[in-house]
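A.B. asks: Pasting target03.txt here (compact mmCIF, N, CA and C atoms):
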```txt
# COMPACT_ATOMS: atom_id res chain seq x y z
N MET A 1 0.84 -1.19 0.00
CA MET A 1 0.00 0.00 0.00
C MET A 1 0.89 1.25 0.00
N LEU A 2 0.55 2.19 -0.83
CA LEU A 2 1.27 3.45 -0.91
C LEU A 2 1.05 4.25 0.37
N SER A 3 2.11 4.86 0.90
CA SER A 3 2.01 5.64 2.13
C SER A 3 2.33 7.11 1.86
N VAL A 4 1.92 7.95 2.79
CA VAL A 4 2.23 9.37 2.71
C VAL A 4 3.75 9.57 2.72
N GLU A 5 4.45 8.78 3.53
CA GLU A 5 5.91 8.93 3.63
C GLU A 5 6.59 8.64 2.30
N THR A 6 6.07 7.69 1.54
CA THR A 6 6.62 7.39 0.22
C THR A 6 6.24 8.48 -0.78
N LEU A 7 5.03 8.95 -0.68
CA LEU A 7 4.50 9.93 -1.62
C LEU A 7 5.10 11.32 -1.45
N ARG A 8 5.31 11.74 -0.21
CA ARG A 8 5.74 13.12 0.08
C ARG A 8 6.96 13.56 -0.75
N PRO A 9 8.08 12.84 -0.75
CA PRO A 9 9.24 13.34 -1.50
C PRO A 9 9.01 13.32 -3.02
N LEU A 10 8.18 12.42 -3.49
CA LEU A 10 7.90 12.36 -4.92
C LEU A 10 7.08 13.57 -5.36
N VAL A 11 6.11 13.95 -4.54
CA VAL A 11 5.30 15.13 -4.84
C VAL A 11 6.18 16.38 -4.79
N ARG A 12 6.98 16.50 -3.75
CA ARG A 12 7.85 17.68 -3.60
C ARG A 12 8.80 17.81 -4.79
N ALA A 13 9.33 16.69 -5.27
CA ALA A 13 10.24 16.73 -6.41
C ALA A 13 9.52 17.09 -7.71
N ALA A 14 8.22 16.85 -7.76
CA ALA A 14 7.44 17.11 -8.97
C ALA A 14 6.97 18.55 -9.09
N TRP A 15 7.00 19.31 -7.99
CA TRP A 15 6.55 20.69 -8.04
C TRP A 15 7.48 21.54 -8.88
N GLY A 16 6.89 22.53 -9.52
CA GLY A 16 7.66 23.50 -10.28
C GLY A 16 6.79 24.72 -10.53
N ALA A 17 7.39 25.72 -11.15
CA ALA A 17 6.63 26.92 -11.50
C ALA A 17 5.48 26.56 -12.45
N ASP A 18 5.65 25.47 -13.19
CA ASP A 18 4.63 25.05 -14.15
C ASP A 18 3.51 24.22 -13.53
N THR A 19 3.59 23.89 -12.24
CA THR A 19 2.52 23.15 -11.58
C THR A 19 1.78 23.97 -10.53
N CYS A 20 2.21 25.19 -10.28
CA CYS A 20 1.50 26.02 -9.30
C CYS A 20 0.40 26.82 -10.00
N TYR A 21 -0.41 27.50 -9.18
CA TYR A 21 -1.46 28.35 -9.75
C TYR A 21 -0.80 29.42 -10.60
N PRO A 22 -1.20 29.56 -11.87
CA PRO A 22 -0.55 30.53 -12.76
C PRO A 22 -0.59 31.96 -12.23
N ASN A 23 -1.68 32.34 -11.56
CA ASN A 23 -1.78 33.70 -11.05
C ASN A 23 -0.89 33.93 -9.83
N ALA A 24 -0.25 32.87 -9.33
CA ALA A 24 0.66 33.01 -8.18
C ALA A 24 2.07 32.55 -8.52
N SER A 25 2.36 32.37 -9.80
CA SER A 25 3.67 31.85 -10.18
C SER A 25 4.81 32.75 -9.75
N GLN A 26 4.57 34.05 -9.60
CA GLN A 26 5.62 34.95 -9.15
C GLN A 26 5.96 34.71 -7.68
N GLU A 27 5.06 34.07 -6.93
CA GLU A 27 5.30 33.75 -5.52
C GLU A 27 6.05 32.43 -5.36
N TRP A 28 6.02 31.59 -6.39
CA TRP A 28 6.66 30.29 -6.30
C TRP A 28 8.16 30.42 -6.54
N GLY A 29 8.94 29.57 -5.85
CA GLY A 29 10.37 29.53 -6.08
C GLY A 29 10.98 28.39 -5.30
N PRO A 30 12.22 28.04 -5.61
CA PRO A 30 12.89 26.93 -4.92
C PRO A 30 13.00 27.13 -3.41
N GLY A 31 12.98 28.38 -2.96
CA GLY A 31 13.02 28.64 -1.52
C GLY A 31 11.72 28.35 -0.81
N ASN A 32 10.63 28.26 -1.57
CA ASN A 32 9.31 27.94 -1.02
C ASN A 32 8.57 27.10 -2.06
N PRO A 33 9.03 25.86 -2.30
CA PRO A 33 8.48 25.07 -3.40
C PRO A 33 7.02 24.66 -3.23
N ALA A 34 6.49 24.68 -2.00
CA ALA A 34 5.09 24.31 -1.77
C ALA A 34 4.13 25.46 -2.09
N ARG A 35 4.66 26.66 -2.28
CA ARG A 35 3.83 27.84 -2.48
C ARG A 35 2.95 27.67 -3.72
N ALA A 36 1.66 27.89 -3.53
CA ALA A 36 0.67 27.89 -4.61
C ALA A 36 0.52 26.52 -5.28
N GLN A 37 0.80 25.44 -4.56
CA GLN A 37 0.69 24.09 -5.08
C GLN A 37 -0.45 23.30 -4.43
N CYS A 38 -1.21 23.91 -3.52
CA CYS A 38 -2.10 23.13 -2.66
C CYS A 38 -3.22 22.41 -3.39
N GLY A 39 -3.92 23.08 -4.27
CA GLY A 39 -5.07 22.45 -4.92
C GLY A 39 -4.67 21.26 -5.77
N MET A 40 -3.66 21.44 -6.60
CA MET A 40 -3.21 20.36 -7.46
C MET A 40 -2.66 19.21 -6.63
N THR A 41 -1.91 19.55 -5.59
CA THR A 41 -1.32 18.52 -4.72
C THR A 41 -2.40 17.73 -4.00
N ALA A 42 -3.40 18.42 -3.45
CA ALA A 42 -4.47 17.73 -2.73
C ALA A 42 -5.24 16.79 -3.65
N LEU A 43 -5.44 17.19 -4.89
CA LEU A 43 -6.13 16.31 -5.84
C LEU A 43 -5.30 15.07 -6.16
N VAL A 44 -4.00 15.24 -6.36
CA VAL A 44 -3.13 14.10 -6.64
C VAL A 44 -3.09 13.15 -5.44
N VAL A 45 -3.00 13.71 -4.23
CA VAL A 45 -3.01 12.87 -3.03
C VAL A 45 -4.33 12.10 -2.95
N GLN A 46 -5.44 12.75 -3.24
CA GLN A 46 -6.73 12.07 -3.21
C GLN A 46 -6.78 10.98 -4.29
N ASP A 47 -6.24 11.26 -5.46
CA ASP A 47 -6.20 10.25 -6.51
C ASP A 47 -5.50 8.98 -6.03
N LEU A 48 -4.40 9.15 -5.32
CA LEU A 48 -3.54 8.03 -4.96
C LEU A 48 -3.87 7.39 -3.61
N LEU A 49 -4.37 8.18 -2.67
CA LEU A 49 -4.60 7.66 -1.31
C LEU A 49 -6.07 7.67 -0.91
N GLY A 50 -6.92 8.31 -1.70
CA GLY A 50 -8.34 8.38 -1.37
C GLY A 50 -8.62 9.42 -0.32
N GLY A 51 -9.78 9.33 0.29
CA GLY A 51 -10.17 10.25 1.35
C GLY A 51 -10.88 11.48 0.84
N ASP A 52 -10.89 12.51 1.69
CA ASP A 52 -11.62 13.74 1.43
C ASP A 52 -10.69 14.89 1.13
N LEU A 53 -11.21 15.85 0.38
CA LEU A 53 -10.54 17.14 0.20
C LEU A 53 -11.06 18.09 1.27
N ILE A 54 -10.18 18.86 1.84
CA ILE A 54 -10.58 19.87 2.81
C ILE A 54 -10.19 21.23 2.25
N LEU A 55 -11.10 22.18 2.36
CA LEU A 55 -10.87 23.54 1.90
C LEU A 55 -10.97 24.48 3.09
N GLY A 56 -9.94 25.28 3.27
CA GLY A 56 -9.94 26.30 4.31
C GLY A 56 -9.66 27.66 3.71
N GLU A 57 -9.71 28.66 4.57
CA GLU A 57 -9.42 30.03 4.15
C GLU A 57 -8.08 30.44 4.71
N VAL A 58 -7.32 31.19 3.92
CA VAL A 58 -6.06 31.77 4.39
C VAL A 58 -6.37 33.20 4.81
N HIS A 59 -6.06 33.50 6.06
CA HIS A 59 -6.29 34.85 6.59
C HIS A 59 -4.96 35.51 6.92
N VAL A 60 -4.91 36.80 6.69
CA VAL A 60 -3.79 37.64 7.10
C VAL A 60 -4.39 38.79 7.89
N ASP A 61 -3.96 38.94 9.13
CA ASP A 61 -4.51 39.98 10.01
C ASP A 61 -6.03 39.90 10.09
N GLY A 62 -6.57 38.67 10.13
CA GLY A 62 -7.99 38.46 10.29
C GLY A 62 -8.82 38.64 9.02
N VAL A 63 -8.17 38.90 7.89
CA VAL A 63 -8.89 39.13 6.64
C VAL A 63 -8.56 38.00 5.66
N LYS A 64 -9.61 37.48 5.02
CA LYS A 64 -9.41 36.40 4.06
C LYS A 64 -8.54 36.89 2.90
N ASN A 65 -7.49 36.10 2.64
CA ASN A 65 -6.53 36.45 1.60
C ASN A 65 -6.46 35.39 0.51
N GLY A 66 -7.12 34.24 0.72
CA GLY A 66 -7.08 33.16 -0.25
C GLY A 66 -7.69 31.90 0.31
N ASN A 67 -7.49 30.80 -0.40
CA ASN A 67 -8.00 29.50 0.01
C ASN A 67 -6.85 28.51 0.10
N HIS A 68 -7.09 27.41 0.82
CA HIS A 68 -6.08 26.37 0.96
C HIS A 68 -6.75 25.01 0.99
N TYR A 69 -6.18 24.07 0.23
CA TYR A 69 -6.67 22.69 0.18
C TYR A 69 -5.67 21.75 0.84
N TRP A 70 -6.21 20.71 1.49
CA TRP A 70 -5.42 19.61 2.00
C TRP A 70 -6.30 18.38 2.05
N ASN A 71 -5.83 17.30 2.64
CA ASN A 71 -6.53 16.02 2.58
C ASN A 71 -6.84 15.45 3.96
N ARG A 72 -7.92 14.68 4.00
CA ARG A 72 -8.20 13.79 5.13
C ARG A 72 -8.25 12.39 4.54
N LEU A 73 -7.34 11.53 4.98
CA LEU A 73 -7.23 10.18 4.46
C LEU A 73 -8.39 9.31 4.96
N PRO A 74 -8.62 8.17 4.34
CA PRO A 74 -9.72 7.30 4.76
C PRO A 74 -9.67 6.92 6.24
N ASP A 75 -8.47 6.88 6.84
CA ASP A 75 -8.38 6.54 8.27
C ASP A 75 -8.60 7.74 9.18
N GLY A 76 -8.92 8.91 8.61
CA GLY A 76 -9.19 10.11 9.39
C GLY A 76 -7.99 11.01 9.60
N THR A 77 -6.80 10.58 9.22
CA THR A 77 -5.59 11.39 9.36
C THR A 77 -5.63 12.55 8.38
N GLU A 78 -5.34 13.75 8.87
CA GLU A 78 -5.24 14.90 7.97
C GLU A 78 -3.80 15.03 7.50
N VAL A 79 -3.66 15.25 6.20
CA VAL A 79 -2.35 15.35 5.56
C VAL A 79 -2.34 16.62 4.73
N ASP A 80 -1.33 17.45 4.96
CA ASP A 80 -1.17 18.68 4.19
C ASP A 80 0.27 18.76 3.70
N LEU A 81 0.49 18.31 2.47
CA LEU A 81 1.84 18.30 1.92
C LEU A 81 2.35 19.69 1.58
N THR A 82 1.48 20.69 1.61
CA THR A 82 1.90 22.06 1.29
C THR A 82 1.81 23.00 2.49
N ALA A 83 1.71 22.46 3.68
CA ALA A 83 1.54 23.29 4.88
C ALA A 83 2.71 24.24 5.12
N ASP A 84 3.90 23.88 4.64
CA ASP A 84 5.06 24.72 4.92
C ASP A 84 5.18 25.91 3.96
N GLN A 85 4.19 26.13 3.12
CA GLN A 85 4.23 27.25 2.18
C GLN A 85 3.91 28.59 2.82
N PHE A 86 3.28 28.58 3.98
CA PHE A 86 2.72 29.81 4.52
C PHE A 86 3.77 30.74 5.10
N LEU A 87 3.57 32.01 4.83
CA LEU A 87 4.46 33.05 5.31
C LEU A 87 4.02 33.48 6.71
N PRO A 88 4.92 34.13 7.45
CA PRO A 88 4.51 34.62 8.77
C PRO A 88 3.27 35.50 8.64
N GLY A 89 2.33 35.29 9.52
CA GLY A 89 1.09 36.05 9.51
C GLY A 89 -0.04 35.41 8.73
N GLU A 90 0.27 34.40 7.91
CA GLU A 90 -0.78 33.69 7.18
C GLU A 90 -1.29 32.55 8.04
N VAL A 91 -2.60 32.49 8.23
CA VAL A 91 -3.23 31.49 9.09
C VAL A 91 -4.36 30.83 8.31
N VAL A 92 -4.43 29.51 8.39
CA VAL A 92 -5.51 28.77 7.72
C VAL A 92 -6.60 28.48 8.74
N VAL A 93 -7.83 28.82 8.38
CA VAL A 93 -8.97 28.63 9.28
C VAL A 93 -10.14 28.02 8.50
N ASN A 94 -11.13 27.55 9.27
CA ASN A 94 -12.43 27.12 8.73
C ASN A 94 -12.34 25.98 7.71
N GLY A 95 -11.52 24.99 7.97
CA GLY A 95 -11.43 23.85 7.07
C GLY A 95 -12.72 23.05 7.03
N GLN A 96 -13.21 22.80 5.84
CA GLN A 96 -14.45 22.05 5.64
C GLN A 96 -14.23 21.03 4.53
N VAL A 97 -14.82 19.85 4.68
CA VAL A 97 -14.75 18.85 3.62
C VAL A 97 -15.56 19.37 2.43
N VAL A 98 -14.96 19.26 1.24
CA VAL A 98 -15.64 19.63 0.01
C VAL A 98 -15.65 18.41 -0.91
N HIS A 99 -16.68 18.29 -1.69
CA HIS A 99 -16.81 17.15 -2.59
C HIS A 99 -16.22 17.50 -3.95
N ARG A 100 -15.43 16.59 -4.46
CA ARG A 100 -14.79 16.77 -5.76
C ARG A 100 -15.78 16.41 -6.86
N PRO A 101 -16.08 17.36 -7.73
CA PRO A 101 -16.95 17.02 -8.86
C PRO A 101 -16.27 15.97 -9.75
N PRO A 102 -17.05 15.17 -10.45
CA PRO A 102 -16.46 14.09 -11.25
C PRO A 102 -15.50 14.59 -12.33
N ASP A 103 -15.67 15.81 -12.80
CA ASP A 103 -14.80 16.33 -13.85
C ASP A 103 -13.71 17.27 -13.32
N ALA A 104 -13.50 17.25 -12.01
CA ALA A 104 -12.52 18.15 -11.40
C ALA A 104 -11.10 17.73 -11.78
N PRO A 105 -10.20 18.67 -11.87
CA PRO A 105 -10.46 20.10 -11.71
C PRO A 105 -10.90 20.74 -13.03
N ARG A 106 -11.77 21.69 -12.92
CA ARG A 106 -12.19 22.44 -14.11
C ARG A 106 -11.19 23.55 -14.38
N ARG A 107 -10.67 24.13 -13.31
CA ARG A 107 -9.66 25.18 -13.45
C ARG A 107 -8.29 24.58 -13.13
N PHE A 108 -7.29 25.05 -13.78
CA PHE A 108 -5.90 24.64 -13.55
C PHE A 108 -5.68 23.15 -13.84
N ARG A 109 -6.46 22.64 -14.80
CA ARG A 109 -6.33 21.22 -15.18
C ARG A 109 -4.94 20.90 -15.71
N GLU A 110 -4.36 21.80 -16.49
CA GLU A 110 -3.03 21.56 -17.05
C GLU A 110 -1.99 21.37 -15.94
N GLN A 111 -2.05 22.20 -14.93
CA GLN A 111 -1.10 22.11 -13.81
C GLN A 111 -1.31 20.81 -13.04
N TYR A 112 -2.57 20.47 -12.78
CA TYR A 112 -2.90 19.23 -12.08
C TYR A 112 -2.40 18.02 -12.86
N GLU A 113 -2.69 17.96 -14.14
CA GLU A 113 -2.29 16.80 -14.94
C GLU A 113 -0.77 16.68 -15.03
N LEU A 114 -0.08 17.80 -15.14
CA LEU A 114 1.38 17.77 -15.17
C LEU A 114 1.94 17.24 -13.86
N LEU A 115 1.43 17.73 -12.74
CA LEU A 115 1.88 17.25 -11.43
C LEU A 115 1.56 15.76 -11.27
N ARG A 116 0.35 15.37 -11.60
CA ARG A 116 -0.05 13.97 -11.48
C ARG A 116 0.84 13.07 -12.34
N ASP A 117 1.10 13.48 -13.58
CA ASP A 117 1.93 12.67 -14.47
C ASP A 117 3.35 12.53 -13.93
N ARG A 118 3.89 13.60 -13.39
CA ARG A 118 5.25 13.53 -12.81
C ARG A 118 5.29 12.59 -11.62
N VAL A 119 4.29 12.69 -10.76
CA VAL A 119 4.26 11.82 -9.57
C VAL A 119 4.08 10.37 -9.99
N LEU A 120 3.18 10.10 -10.91
CA LEU A 120 2.98 8.73 -11.36
C LEU A 120 4.25 8.15 -12.00
N ALA A 121 4.94 8.97 -12.78
CA ALA A 121 6.19 8.50 -13.39
C ALA A 121 7.23 8.21 -12.31
N ALA A 122 7.30 9.05 -11.30
CA ALA A 122 8.25 8.83 -10.20
C ALA A 122 7.89 7.56 -9.42
N LEU A 123 6.60 7.30 -9.24
CA LEU A 123 6.18 6.08 -8.56
C LEU A 123 6.59 4.83 -9.34
N GLU A 124 6.54 4.93 -10.64
CA GLU A 124 6.92 3.78 -11.48
C GLU A 124 8.40 3.44 -11.32
N THR A 125 9.22 4.44 -11.08
CA THR A 125 10.67 4.21 -10.99
C THR A 125 11.18 4.18 -9.55
N ALA A 126 10.30 4.44 -8.58
CA ALA A 126 10.72 4.46 -7.18
C ALA A 126 11.16 3.05 -6.77
N PRO A 127 12.29 2.95 -6.03
CA PRO A 127 12.78 1.64 -5.62
C PRO A 127 11.82 0.88 -4.74
N SER A 128 11.09 1.59 -3.87
CA SER A 128 10.16 0.90 -2.97
C SER A 128 8.88 1.71 -2.93
N ARG A 129 7.88 1.26 -3.68
CA ARG A 129 6.59 1.95 -3.71
C ARG A 129 5.75 1.63 -2.51
N ARG A 130 6.06 0.59 -1.81
CA ARG A 130 5.23 0.14 -0.68
C ARG A 130 6.04 0.23 0.60
N THR A 131 5.44 0.94 1.58
CA THR A 131 6.04 0.99 2.92
C THR A 131 4.97 0.93 3.96
```
How does this structure look as structure tokens?

C.D. replies:
Amino acid sequence: MLSVETLRPLVRAAWGADTCYPNASQEWGPGNPARAQCGMTALVVQDLLGGDLILGEVHVDGVKNGNHYWNRLPDGTEVDLTADQFLPGEVVVNGQVVHRPPDAPRRFREQYELLRDRVLAALETAPSRRT
């Protein structure tokens, strides 16, 4: 069975400026590789590990500044592979389970598919896919 521990480094290695939200690509960089990768990452994690998508709000000084996605695995464990993207003062609040439409994602599909393809290719060549 595929584990989060096996998946985490493969996802991190697959991130790039071409897999983040295009409107936030100027915020992405090697110094903060998780920045603007949450939606695509959460969908790929759900594809591979199942569970629920969780959507929260990013607040700065009490004001909503954006959204953030992460996962709740079938065993109830919450996993956020992009949690380290947040800058000082950014706080995620109000996480709620959201249902993935069958044709999701409608927006940023190119970034999602690129990230998914990279992760799947890395899984194929990983020395130990099961831990």

A.B. asks: Within 8 Å of range 4-28 of chain A, which residues of range 33-60 of chain A show up? Give each one with its shortest atom-to-atom distance in Å (one decimal) and the two atoms involved, counting only C-alpha atoms, rows by chain then rising residue number, as JSON lines.

C.D. replies:
```
{"residue": "A:Pro33", "atom": "CA", "partner": "A:Trp28", "partner_atom": "CA", "distance": 6.2}
{"residue": "A:Ala34", "atom": "CA", "partner": "A:Trp15", "partner_atom": "CA", "distance": 7.4}
{"residue": "A:Arg35", "atom": "CA", "partner": "A:Trp28", "partner_atom": "CA", "distance": 5.3}
{"residue": "A:Ala36", "atom": "CA", "partner": "A:Cys20", "partner_atom": "CA", "distance": 5.1}
{"residue": "A:Gln37", "atom": "CA", "partner": "A:Cys20", "partner_atom": "CA", "distance": 4.7}
{"residue": "A:Met40", "atom": "CA", "partner": "A:Thr19", "partner_atom": "CA", "distance": 7.6}
{"residue": "A:Thr41", "atom": "CA", "partner": "A:Val11", "partner_atom": "CA", "distance": 7.4}
```

A.B. asks: Can you list every residue of range 77-128 of chain A that has an atom at most 6 Å from range 52-70 of chain A, with its nearest atom pair and the distance in Å to one decimal, using only N, CA and C atoms, ordered by chain then number, as CSV?

C.D. replies:
```
residue,atom,partner,partner_atom,distance
A:Val79,C,A:Trp70,CA,5.1
A:Asp80,CA,A:Trp70,CA,4.9
A:Gly89,C,A:Val60,CA,4.7
A:Glu90,CA,A:His59,C,4.6
A:Val91,C,A:His59,N,3.9
A:Val92,CA,A:Glu57,C,4.3
A:Val93,C,A:Glu57,N,4.0
A:Asn94,C,A:Gly56,CA,4.2
A:Gly95,CA,A:Gly56,CA,4.0
A:Gln96,N,A:Leu55,C,3.9
A:Val97,CA,A:Ile54,CA,4.4
A:Val98,N,A:Leu53,C,4.1
```

A.B. asks: Output as JSON, numbers by chain all residues of chain A that backbone DSSP marks as strand (DSSP E).

C.D. replies: {"A": [52, 53, 54, 55, 56, 57, 58, 59, 60, 63, 64, 65, 66, 67, 68, 69, 70, 71, 72, 78, 79, 90, 91, 92, 93, 94, 95, 96, 97, 98]}

A.B. asks: Write out as a PyMOL selection string which residues come within 8 Å of Leu49 in chain A when counting only N, CA and C atoms, dropping same-chain ones fewer than 3 positions away.

C.D. replies: chain A and resi 2-4+43-46+52+72-74

A.B. asks: I'd like the interatomic distance between atom N of Val119 in chain A and CA of Pro30 in chain A, to a tenth of an Å.

C.D. replies: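 The value is 17.6 Å.
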
A.B. asks: Axis-aligned box over every listed atom of range 98-113 of chain A, padded by 6 Å per side: centre and edges in Å to one decimal, as AutoDock Vina command-line options?

C.D. replies:
```
--center_x -8.9 --center_y 19.6 --center_z -7.9 --size_x 28.3 --size_y 23.1 --size_z 30.3
```

A.B. asks: Using Å and a single decimal, report how far atom C of Leu48 in chain A sits from CA of Gly76 in chain A.

C.D. replies: 14.3 Å

A.B. asks: Could you state the separation of atom C of Arg100 in chain A and atom C of Leu120 in chain A in Å, given to one decimal place?

C.D. replies: 22.3 Å

A.B. asks: Between A:Gly29, A:Phe86, A:Cys38, A:Asp103, which has the minimum distance to Asn71 in chain A (counting only C-alpha atoms)?

C.D. replies: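 For Asn71 in chain A, the nearest of the given residues is A:Cys38.
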
A.B. asks: For the alpha helix (DSSP H) assignment from backbone DSSP, which residues of range 41-122 of chain A qualify? Please present them as a list in words.

C.D. replies: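 Taking range 41-122 of chain A and keeping alpha helix (DSSP H) only, one gets Thr41, Ala42, Leu43, Val44, Val45, Gln46, Asp47, Leu48, Leu49, Arg109, Glu110, Gln111, Tyr112, Glu113, Leu114, Leu115, Arg116, Asp117, Arg118, Val119, Leu120, Ala121 and Ala122 of chain A.
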
A.B. asks: Can you give me all heavy atoms for range 63-71 of chain A, written as a CSV table (one decimal), keeping the file's coordinate frame?

C.D. replies:
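Now in rebuild.csv:
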```
chain,number,residue,atom,x,y,z
A,63,VAL,N,-8.2,38.9,7.9
A,63,VAL,CA,-8.9,39.1,6.6
A,63,VAL,C,-8.6,38.0,5.7
A,63,VAL,O,-7.4,37.6,5.5
A,63,VAL,CB,-8.5,40.5,6.0
A,63,VAL,CG1,-9.1,40.7,4.7
A,63,VAL,CG2,-8.8,41.6,7.0
A,64,LYS,N,-9.6,37.5,5.0
A,64,LYS,CA,-9.4,36.4,4.1
A,64,LYS,C,-8.5,36.9,2.9
A,64,LYS,O,-8.8,37.9,2.3
A,64,LYS,CB,-10.7,35.9,3.5
A,64,LYS,CG,-10.6,34.7,2.6
A,64,LYS,CD,-11.9,34.2,2.1
A,64,LYS,CE,-11.6,33.1,1.0
A,64,LYS,NZ,-12.8,32.6,0.4
A,65,ASN,N,-7.5,36.1,2.6
A,65,ASN,CA,-6.5,36.4,1.6
A,65,ASN,C,-6.5,35.4,0.5
A,65,ASN,O,-5.8,35.6,-0.5
A,65,ASN,CB,-5.2,36.6,2.3
A,65,ASN,CG,-4.2,37.3,1.3
A,65,ASN,OD1,-4.5,38.2,0.6
A,65,ASN,ND2,-2.9,36.8,1.4
A,66,GLY,N,-7.1,34.2,0.7
A,66,GLY,CA,-7.1,33.2,-0.2
A,66,GLY,C,-7.7,31.9,0.3
A,66,GLY,O,-8.3,31.9,1.4
A,67,ASN,N,-7.5,30.8,-0.4
A,67,ASN,CA,-8.0,29.5,0.0
A,67,ASN,C,-6.8,28.5,0.1
A,67,ASN,O,-5.8,28.7,-0.5
A,67,ASN,CB,-9.0,29.0,-1.0
A,67,ASN,CG,-10.3,29.8,-1.0
A,67,ASN,OD1,-10.9,30.1,0.0
A,67,ASN,ND2,-10.6,30.3,-2.2
A,68,HIS,N,-7.1,27.4,0.8
A,68,HIS,CA,-6.1,26.4,1.0
A,68,HIS,C,-6.8,25.0,1.0
A,68,HIS,O,-7.8,24.8,1.7
A,68,HIS,CB,-5.3,26.6,2.2
A,68,HIS,CG,-4.2,25.6,2.4
A,68,HIS,ND1,-3.2,25.4,1.6
A,68,HIS,CD2,-4.0,24.6,3.4
A,68,HIS,CE1,-2.4,24.4,2.0
A,68,HIS,NE2,-2.9,23.9,3.1
A,69,TYR,N,-6.2,24.1,0.2
A,69,TYR,CA,-6.7,22.7,0.2
A,69,TYR,C,-5.7,21.8,0.8
A,69,TYR,O,-4.5,21.9,0.7
A,69,TYR,CB,-6.8,22.2,-1.3
A,69,TYR,CG,-8.0,22.8,-2.0
A,69,TYR,CD1,-7.9,24.0,-2.8
A,69,TYR,CD2,-9.3,22.2,-1.9
A,69,TYR,CE1,-8.9,24.5,-3.5
A,69,TYR,CE2,-10.3,22.7,-2.6
A,69,TYR,CZ,-10.2,23.9,-3.4
A,69,TYR,OH,-11.2,24.4,-4.1
A,70,TRP,N,-6.2,20.7,1.5
A,70,TRP,CA,-5.4,19.6,2.0
A,70,TRP,C,-6.3,18.4,2.0
A,70,TRP,O,-7.4,18.4,1.5
A,70,TRP,CB,-4.7,20.0,3.3
A,70,TRP,CG,-5.6,20.1,4.5
A,70,TRP,CD1,-5.9,19.2,5.5
A,70,TRP,CD2,-6.3,21.3,4.9
A,70,TRP,NE1,-6.7,19.7,6.5
A,70,TRP,CE2,-7.0,21.0,6.1
A,70,TRP,CE3,-6.5,22.6,4.4
A,70,TRP,CZ2,-7.8,22.0,6.8
A,70,TRP,CZ3,-7.2,23.5,5.0
A,70,TRP,CH2,-7.9,23.2,6.2
A,71,ASN,N,-5.8,17.3,2.6
A,71,ASN,CA,-6.5,16.0,2.6
A,71,ASN,C,-6.8,15.4,4.0
A,71,ASN,O,-6.1,15.7,4.9
A,71,ASN,CB,-5.7,15.0,1.8
A,71,ASN,CG,-5.3,15.4,0.4
A,71,ASN,OD1,-4.4,16.2,0.2
A,71,ASN,ND2,-6.1,15.0,-0.5
```
